[in-house]
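Reviewing the structure listed below.
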There are 2 protein chains.
Amino acid sequence: MTTEGAEGLRDRKKRQTRKALGHAAVRLVAEHGLDHVTVEDISAAADVSPRTFFNYFASKEDAVLGPDPGAGPRMRARVLAEPADLSAVAAVREALLAEVAAELADDRDLWLRRMRVVQQHPVLLAKVFSGGEAVERDLVAAVAERVGLPADDTYPLLLAAAAGAAFRVAVARWSTTAAPLHDLLAEAFDLLGAGLADPP
Amino acid sequence: MTTEGAEGLRDRKKRQTRKALGHAAVRLVAEHGLDHVTVEDISAAADVSPRTFFNYFASKEDAVLGPDPGAGPRMRARVLAEPADLSAVAAVREALLAEVAAELADDRDLWLRRMRVVQQHPVLLAKVFSGGEAVERDLVAAVAERVGLPADDTYPLLLAAAAGAAFRVAVARWSTTAAPLHDLLAEAFDLLGAGLADPP
DNA sequence: TCACAATAGTGCAGTCAGTGCAAAGTTGCA
DNA sequence: TGCAACTTTGCACTGACTGCACTATTGTGA
């Protein structure tokens with residue numbers, strides 16, 4: 001995730017600290033359960049003071065689910081970069097498949113552990129949703145731009161929301177079946193593209 | 001929990017208390033902002049002790065957004081009651097339209113005020129999502145039963161999630177435009193049914 | 001190389017959310 | 001009327017989260 005070449009020591013350390021806190025949070029929660037882990041525990045595991053924890057994350061839940069501030073802009077760029085002759089759904093589909101592939105390649109284990117943690121603690125679902133919601137905003141903008149509609153029109157709003165739904169369903173199934181996430185996501189988009197017609 | 005006709009004084013009082021707390025929460029938060037209202041304030045406005053507040057709601061946010069435990073089962077029943085020759089999407093569509101009409105008729109003002117509060121406090125979006133998520137479970141079950149698929153198949157999961165997406169989009173647009181919620185919801189379902197094809 | 005500016009980390013004190021427990025008050029019922 | 005069931009409440013406690021002032025570390029320009 002190294003954006004530009006020259007990144008000072010300061011920024012590298014910040015990144016490290018954030019990562020350490022996030023990983024510690026996921027590991028400890030997976031191990032002991034959400035409410036048997038305190039912010040103090042997480043901070044200790046990451047070797048920083050509890051006060052510092054809150055300089056990085058607004059809450060314990062945020063540390064576990066690590067809102068990815070780059071995801072929205074990335075998706076936006078991906079959608080706009082898809083060939084112009086693709087339909088909007090197809091563009092979103094391809095963008096999402098590419099994004100997922102990239103993210104998974106990056107840190108597959110962390111993802112899986114997070115999914116398991118969420119399954120064991122449905123309270124965290126709220127964070128998952130609202131995290132996706134942030135990405136959705138950028139997705140709405142990208143779709144609106146592609147199809148030449150205002151960003152408050154039903155079409156872009158709905159396409160973005162439906163894509164989010166497809167994503168969540170695919171990830172949910174992924175964590176309980178052996179199928180590759182790519183296939184599950186593609187299946188979901190096929191159903192959407194077919195107007196959710198009754199299955200045979 | 002006497003649901004049948006004769007409802008004792010005890011249950012009536014509980015219902016009243018819950019309602020008083022919920023309404024006080026919405027009113028106070030709309031008036032002073034989410035984090036300038038404490039549980040103590042809400043309890044005082046509803047004339048109960050702060051401790052009692054937590055006998056009814058697990059958190060301040062819950063009091064504002066009032067999770068409706070009956071919504072899931074109601075939707076399930078509605079979906080299964082739709083004519084058998086309707087497609088699954090159509091059945092969900094009709095069920096949702098009917099549910100919304102019934103709920104709006106019941107307490108239109110509270111709904112609108114809640115929407116406004118949510119717009120002013122995006123933190124609450126998380127609760128909206130996870131509230132919808134509870135309903136989604138029942139919806140998944142109903143759809144699975146209708147189409148004769150297991151409840152962990154992609155189709156029912158996705159249809160329920162997409163319906164939730166359509167609902168959220170419709171409500172969001174409703175609170176910013178003058179159009180009736182019914183029409184906005186119908187429009188969203190039309191787009192879903194058309195496979196989210198590019199608009200003209 | 002050395003000061004000085006920026007910024008990250010920390011300790012402290014305080015507010016408020018949320019929970020378990022046991023006592024007190026209410027309601028249902030025989 | 002009296003007992004059982006249930007609701008409300010006060011109390012004490014843990015832990016999340018914040019503002020503030022201070023220290024430590026890193027970046028930078030003379």
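Ordered as shown in the structure tokens, chains take letters A, B, and onward, while each chain numbers its residues from 1 and ligands are numbered from 1 in the order shown.
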
Return the Cα root-mean-square deviation, in Å, for chain A superposed on chain B by least squares with the Cα atoms paired in order.
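My reading of the C-alpha RMSD is 1.2 Å.
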
Return the neighbours of chain B among the residues of chain C, cut-off 9 Å, counting only C-alpha atoms (C1' of nucleotides), as a PDB file with C-alpha atoms (C1' of nucleotides), in the first residue's frame.
ATOM      1  C1'  DC C  16     -21.103   9.095  30.510  1.00  0.00           C
ATOM      2  C1'  DA C  17     -22.643   4.369  28.771  1.00  0.00           C
ATOM      3  C1'  DG C  18     -23.831   0.106  30.271  1.00  0.00           C
ATOM      4  C1'  DT C  26     -46.754  -3.151  41.837  1.00  0.00           C
ATOM      5  C1'  DT C  27     -49.656  -6.205  39.870  1.00  0.00           C
ATOM      6  C1'  DG C  28     -51.887 -10.865  39.243  1.00  0.00           C
TER       7       DG C  28
END

What residues in chain B lie within 9 Å of chain D, counting only C-alpha atoms (C1' of nucleotides), written as a PDB file with N, CA and C atoms, in the first residue's frame?
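Below you can see selection02.pdb, which holds the result:
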ATOM      1  N   ARG B  10     -50.305  -4.497  33.529  1.00  0.00           N
ATOM      2  CA  ARG B  10     -48.847  -4.579  33.535  1.00  0.00           C
ATOM      3  C   ARG B  10     -48.269  -4.373  32.138  1.00  0.00           C
ATOM      4  N   LYS B  14     -45.986  -1.338  30.448  1.00  0.00           N
ATOM      5  CA  LYS B  14     -44.691  -1.548  29.800  1.00  0.00           C
ATOM      6  C   LYS B  14     -44.678  -0.907  28.420  1.00  0.00           C
ATOM      7  N   VAL B  48     -38.831   7.992  34.279  1.00  0.00           N
ATOM      8  CA  VAL B  48     -38.363   6.737  34.871  1.00  0.00           C
ATOM      9  C   VAL B  48     -36.903   6.914  35.250  1.00  0.00           C
ATOM     10  N   SER B  49     -36.377   5.981  35.985  1.00  0.00           N
ATOM     11  CA  SER B  49     -34.982   6.087  36.391  1.00  0.00           C
ATOM     12  C   SER B  49     -34.085   5.660  35.231  1.00  0.00           C
ATOM     13  N   PRO B  50     -32.861   6.171  35.217  1.00  0.00           N
ATOM     14  CA  PRO B  50     -31.921   5.790  34.160  1.00  0.00           C
ATOM     15  C   PRO B  50     -31.751   4.277  34.091  1.00  0.00           C
ATOM     16  N   ARG B  51     -31.776   3.648  35.254  1.00  0.00           N
ATOM     17  CA  ARG B  51     -31.614   2.198  35.260  1.00  0.00           C
ATOM     18  C   ARG B  51     -32.725   1.519  34.486  1.00  0.00           C
ATOM     19  N   THR B  52     -33.919   2.044  34.611  1.00  0.00           N
ATOM     20  CA  THR B  52     -35.056   1.469  33.910  1.00  0.00           C
ATOM     21  C   THR B  52     -34.905   1.613  32.401  1.00  0.00           C
TER      22      THR B  52
END

For range 92-96 of chain B, list every protein, DNA or RNA residue within 7 Å, evaluated using only C-alpha atoms (C1' of nucleotides), and leave out those in the same chain fewer than 5 positions away; present the list as a ChimeraX atom specification.
/B:75,78-79,189

Produce a file of the selected residues containing N, CA and C atoms, as an mmCIF file, in the first residue's frame.
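Final output, saved to part19.cif:
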data_model
loop_
_atom_site.group_PDB
_atom_site.id
_atom_site.type_symbol
_atom_site.label_atom_id
_atom_site.label_comp_id
_atom_site.auth_asym_id
_atom_site.auth_seq_id
_atom_site.Cartn_x
_atom_site.Cartn_y
_atom_site.Cartn_z
ATOM 1 N N MET B 75 -43.158 -9.282 7.810
ATOM 2 C CA MET B 75 -42.742 -9.363 6.410
ATOM 3 C C MET B 75 -42.761 -10.807 5.924
ATOM 4 N N ARG B 78 -46.279 -11.747 5.211
ATOM 5 C CA ARG B 78 -46.772 -11.055 4.022
ATOM 6 C C ARG B 78 -46.252 -11.711 2.748
ATOM 7 N N VAL B 79 -44.967 -12.012 2.728
ATOM 8 C CA VAL B 79 -44.373 -12.594 1.527
ATOM 9 C C VAL B 79 -45.007 -13.947 1.220
ATOM 10 N N PHE B 189 -37.951 -0.991 -7.349
ATOM 11 C CA PHE B 189 -38.176 -2.406 -7.676
ATOM 12 C C PHE B 189 -38.261 -2.620 -9.186
#

With a cut-off of 8 Å, could you pull out the residues of chain B touching chain A and give me the nearest pair of atoms for each, distance in Å to one decimal, using only C-alpha atoms, ordered by chain and ascending number, as CSV?
residue,atom,partner,partner_atom,distance
B:Ser87,CA,A:Asp198,CA,6.2
B:Ala88,CA,A:Asp198,CA,6.3
B:Val89,CA,A:Leu196,CA,6.7
B:Leu125,CA,A:Ser130,CA,6.5
B:Ala126,CA,A:Ala126,CA,4.7
B:Lys127,CA,A:Ala126,CA,6.2
B:Phe129,CA,A:Phe129,CA,6.2
B:Ser130,CA,A:Ala126,CA,5.1
B:Val147,CA,A:Asp198,CA,7.4
B:Asp152,CA,A:Arg173,CA,7.6
B:Thr154,CA,A:Ala188,CA,6.9
B:Tyr155,CA,A:Leu191,CA,7.4
B:Leu157,CA,A:Val169,CA,6.4
B:Leu158,CA,A:Val169,CA,6.2
B:Leu159,CA,A:Leu196,CA,6.8
B:Ala161,CA,A:Ala165,CA,5.3
B:Ala162,CA,A:Ala162,CA,5.4
B:Ala165,CA,A:Ala161,CA,5.3
B:Ala166,CA,A:Leu158,CA,6.3
B:Val169,CA,A:Leu158,CA,6.2
B:Ala170,CA,A:Thr154,CA,7.8
B:Arg173,CA,A:Asp152,CA,7.6
B:Glu187,CA,A:Thr154,CA,8.0
B:Ala188,CA,A:Thr154,CA,6.9
B:Leu191,CA,A:Tyr155,CA,7.4
B:Leu192,CA,A:Gly195,CA,5.6
B:Gly193,CA,A:Gly195,CA,4.2
B:Ala194,CA,A:Gly195,CA,5.1
B:Gly195,CA,A:Gly195,CA,3.6
B:Leu196,CA,A:Gly193,CA,6.5
B:Ala197,CA,A:Val89,CA,7.2
B:Asp198,CA,A:Ser87,CA,6.2
B:Pro199,CA,A:Tyr155,CA,7.6

Using only C-alpha atoms, pick whichever of A:Val26, A:Leu80, A:Asp62, A:Ile42 has the shortest atom-to-atom distance to Leu139 in chain A.
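When distances to Leu139 in chain A are compared using only C-alpha atoms, the smallest one comes from A:Leu80.
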
Step one, run DSSP on the backbone; step two, keep only residues of range 11-131 of chain A assigned to helix (DSSP H, G or I); then write them as a VMD selection string.
chain A and resid 11 to 32 34 to 36 39 to 46 50 to 56 60 to 65 71 to 81 88 to 120 122 to 131

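The shell of residues at most 10 Å from Gly33 in chain B, with only C-alpha atoms (C1' of nucleotides) counted and near chain neighbours (fewer than 6 positions) removed, consists of Val26, Arg27, Val117, Gln120 and His121 of chain B.
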
I need the residues from that last selection saved to file as a short mmCIF file (atom, residue, chain, number, x, y, z; two decimals), in the first residue's frame (with N, CA and C atoms), if you can.
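Produced file again20.cif, reproduced below:
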data_model
loop_
_atom_site.label_atom_id
_atom_site.label_comp_id
_atom_site.auth_asym_id
_atom_site.auth_seq_id
_atom_site.Cartn_x
_atom_site.Cartn_y
_atom_site.Cartn_z
N VAL B 26 -36.25 10.49 20.54
CA VAL B 26 -36.28 11.12 19.22
C VAL B 26 -36.43 12.63 19.35
N ARG B 27 -37.33 13.04 20.21
CA ARG B 27 -37.59 14.47 20.35
C ARG B 27 -36.36 15.21 20.88
N VAL B 117 -33.43 12.89 11.93
CA VAL B 117 -32.39 12.68 12.94
C VAL B 117 -31.24 11.84 12.36
N GLN B 120 -29.00 13.85 10.19
CA GLN B 120 -28.11 14.76 10.93
C GLN B 120 -27.04 13.99 11.72
N HIS B 121 -27.24 12.72 11.91
CA HIS B 121 -26.28 11.93 12.69
C HIS B 121 -25.97 10.62 12.00
#

Neighbours of Ser43 in chain B within 12 Å (only C-alpha atoms (C1' of nucleotides); same-chain residues fewer than 6 positions away dropped), as an mmCIF file with N, CA and C atoms, in the first residue's frame?
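Saved result, out.cif, follows:
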data_model
loop_
_atom_site.group_PDB
_atom_site.id
_atom_site.type_symbol
_atom_site.label_atom_id
_atom_site.label_comp_id
_atom_site.auth_asym_id
_atom_site.auth_seq_id
_atom_site.Cartn_x
_atom_site.Cartn_y
_atom_site.Cartn_z
ATOM 1 N N THR B 17 -44.378 2.799 28.750
ATOM 2 C CA THR B 17 -43.031 3.227 29.141
ATOM 3 C C THR B 17 -42.090 3.182 27.949
ATOM 4 N N ARG B 18 -42.147 2.082 27.215
ATOM 5 C CA ARG B 18 -41.282 1.952 26.045
ATOM 6 C C ARG B 18 -41.534 3.074 25.048
ATOM 7 N N LYS B 19 -42.798 3.331 24.808
ATOM 8 C CA LYS B 19 -43.166 4.373 23.856
ATOM 9 C C LYS B 19 -42.688 5.737 24.344
ATOM 10 N N ALA B 20 -42.899 5.998 25.627
ATOM 11 C CA ALA B 20 -42.495 7.284 26.191
ATOM 12 C C ALA B 20 -40.988 7.473 26.043
ATOM 13 N N LEU B 21 -40.224 6.436 26.324
ATOM 14 C CA LEU B 21 -38.772 6.529 26.201
ATOM 15 C C LEU B 21 -38.364 6.766 24.743
ATOM 16 N N GLY B 22 -38.954 5.998 23.845
ATOM 17 C CA GLY B 22 -38.611 6.144 22.431
ATOM 18 C C GLY B 22 -38.930 7.532 21.904
ATOM 19 N N HIS B 23 -40.118 8.004 22.211
ATOM 20 C CA HIS B 23 -40.510 9.319 21.719
ATOM 21 C C HIS B 23 -39.647 10.413 22.327
ATOM 22 N N ALA B 24 -39.391 10.306 23.613
ATOM 23 C CA ALA B 24 -38.553 11.306 24.277
ATOM 24 C C ALA B 24 -37.175 11.327 23.631
ATOM 25 N N ALA B 25 -36.647 10.143 23.333
ATOM 26 C CA ALA B 25 -35.317 10.062 22.730
ATOM 27 C C ALA B 25 -35.295 10.788 21.384
ATOM 28 N N LEU B 28 -35.769 14.690 21.919
ATOM 29 C CA LEU B 28 -34.620 15.367 22.514
ATOM 30 C C LEU B 28 -33.425 15.403 21.562
ATOM 31 N N VAL B 37 -27.430 14.847 24.400
ATOM 32 C CA VAL B 37 -28.539 14.222 25.131
ATOM 33 C C VAL B 37 -28.010 12.981 25.826
ATOM 34 N N SER B 49 -36.377 5.981 35.985
ATOM 35 C CA SER B 49 -34.982 6.087 36.391
ATOM 36 C C SER B 49 -34.085 5.660 35.231
ATOM 37 N N PRO B 50 -32.861 6.171 35.217
ATOM 38 C CA PRO B 50 -31.921 5.790 34.160
ATOM 39 C C PRO B 50 -31.751 4.277 34.091
ATOM 40 N N ARG B 51 -31.776 3.648 35.254
ATOM 41 C CA ARG B 51 -31.614 2.198 35.260
ATOM 42 C C ARG B 51 -32.725 1.519 34.486
ATOM 43 N N THR B 52 -33.919 2.044 34.611
ATOM 44 C CA THR B 52 -35.056 1.469 33.910
ATOM 45 C C THR B 52 -34.905 1.613 32.401
ATOM 46 N N PHE B 53 -34.313 2.718 31.996
ATOM 47 C CA PHE B 53 -34.069 2.907 30.560
ATOM 48 C C PHE B 53 -33.423 1.667 29.966
ATOM 49 N N PHE B 54 -32.420 1.157 30.676
ATOM 50 C CA PHE B 54 -31.676 0.020 30.137
ATOM 51 C C PHE B 54 -32.420 -1.289 30.276
ATOM 52 N N ASN B 55 -33.528 -1.272 30.962
ATOM 53 C CA ASN B 55 -34.385 -2.461 30.951
ATOM 54 C C ASN B 55 -35.159 -2.537 29.641
ATOM 55 N N TYR B 56 -35.233 -1.410 28.933
ATOM 56 C CA TYR B 56 -36.008 -1.367 27.697
ATOM 57 C C TYR B 56 -35.144 -1.316 26.450
ATOM 58 N N PHE B 57 -34.055 -0.528 26.545
ATOM 59 C CA PHE B 57 -33.192 -0.379 25.372
ATOM 60 C C PHE B 57 -31.747 -0.661 25.754
ATOM 61 N N LYS B 60 -28.578 4.131 23.831
ATOM 62 C CA LYS B 60 -29.242 5.375 23.476
ATOM 63 C C LYS B 60 -29.728 5.313 22.034
ATOM 64 N N ALA B 63 -32.898 3.459 21.433
ATOM 65 C CA ALA B 63 -34.108 4.178 21.827
ATOM 66 C C ALA B 63 -34.570 5.099 20.710
#

Å distance separating CA of Glu31 in chain B from CA of Pro67 in chain B, one decimal place:
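Between these atoms lies a distance of 21.2 Å.
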
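Counting only C-alpha atoms, the residue from A:Ala134, A:Val118, A:Ala91, A:Ala45 that sits nearest to Leu65 in chain A is A:Val118.
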
May I ask for the distance between CA of Ala178 in chain A and CA of Leu34 in chain A, given in Å to one decimal place?
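Computing the Euclidean distance for CA of Ala178 in chain A and CA of Leu34 in chain A yields 26.1 Å.
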
Test item: residues at most 10 Å from Leu112 in chain B, only C-alpha atoms (C1' of nucleotides), excluding those fewer than 4 positions along its chain, as JSON, numbers by chain:
{"B": [104, 107, 108, 116, 117, 118, 171, 174, 175]}

Please report the interatomic distance between CA of Asp138 in chain A and CA of Pro73 in chain A in Å with one decimal.
6.4 Å
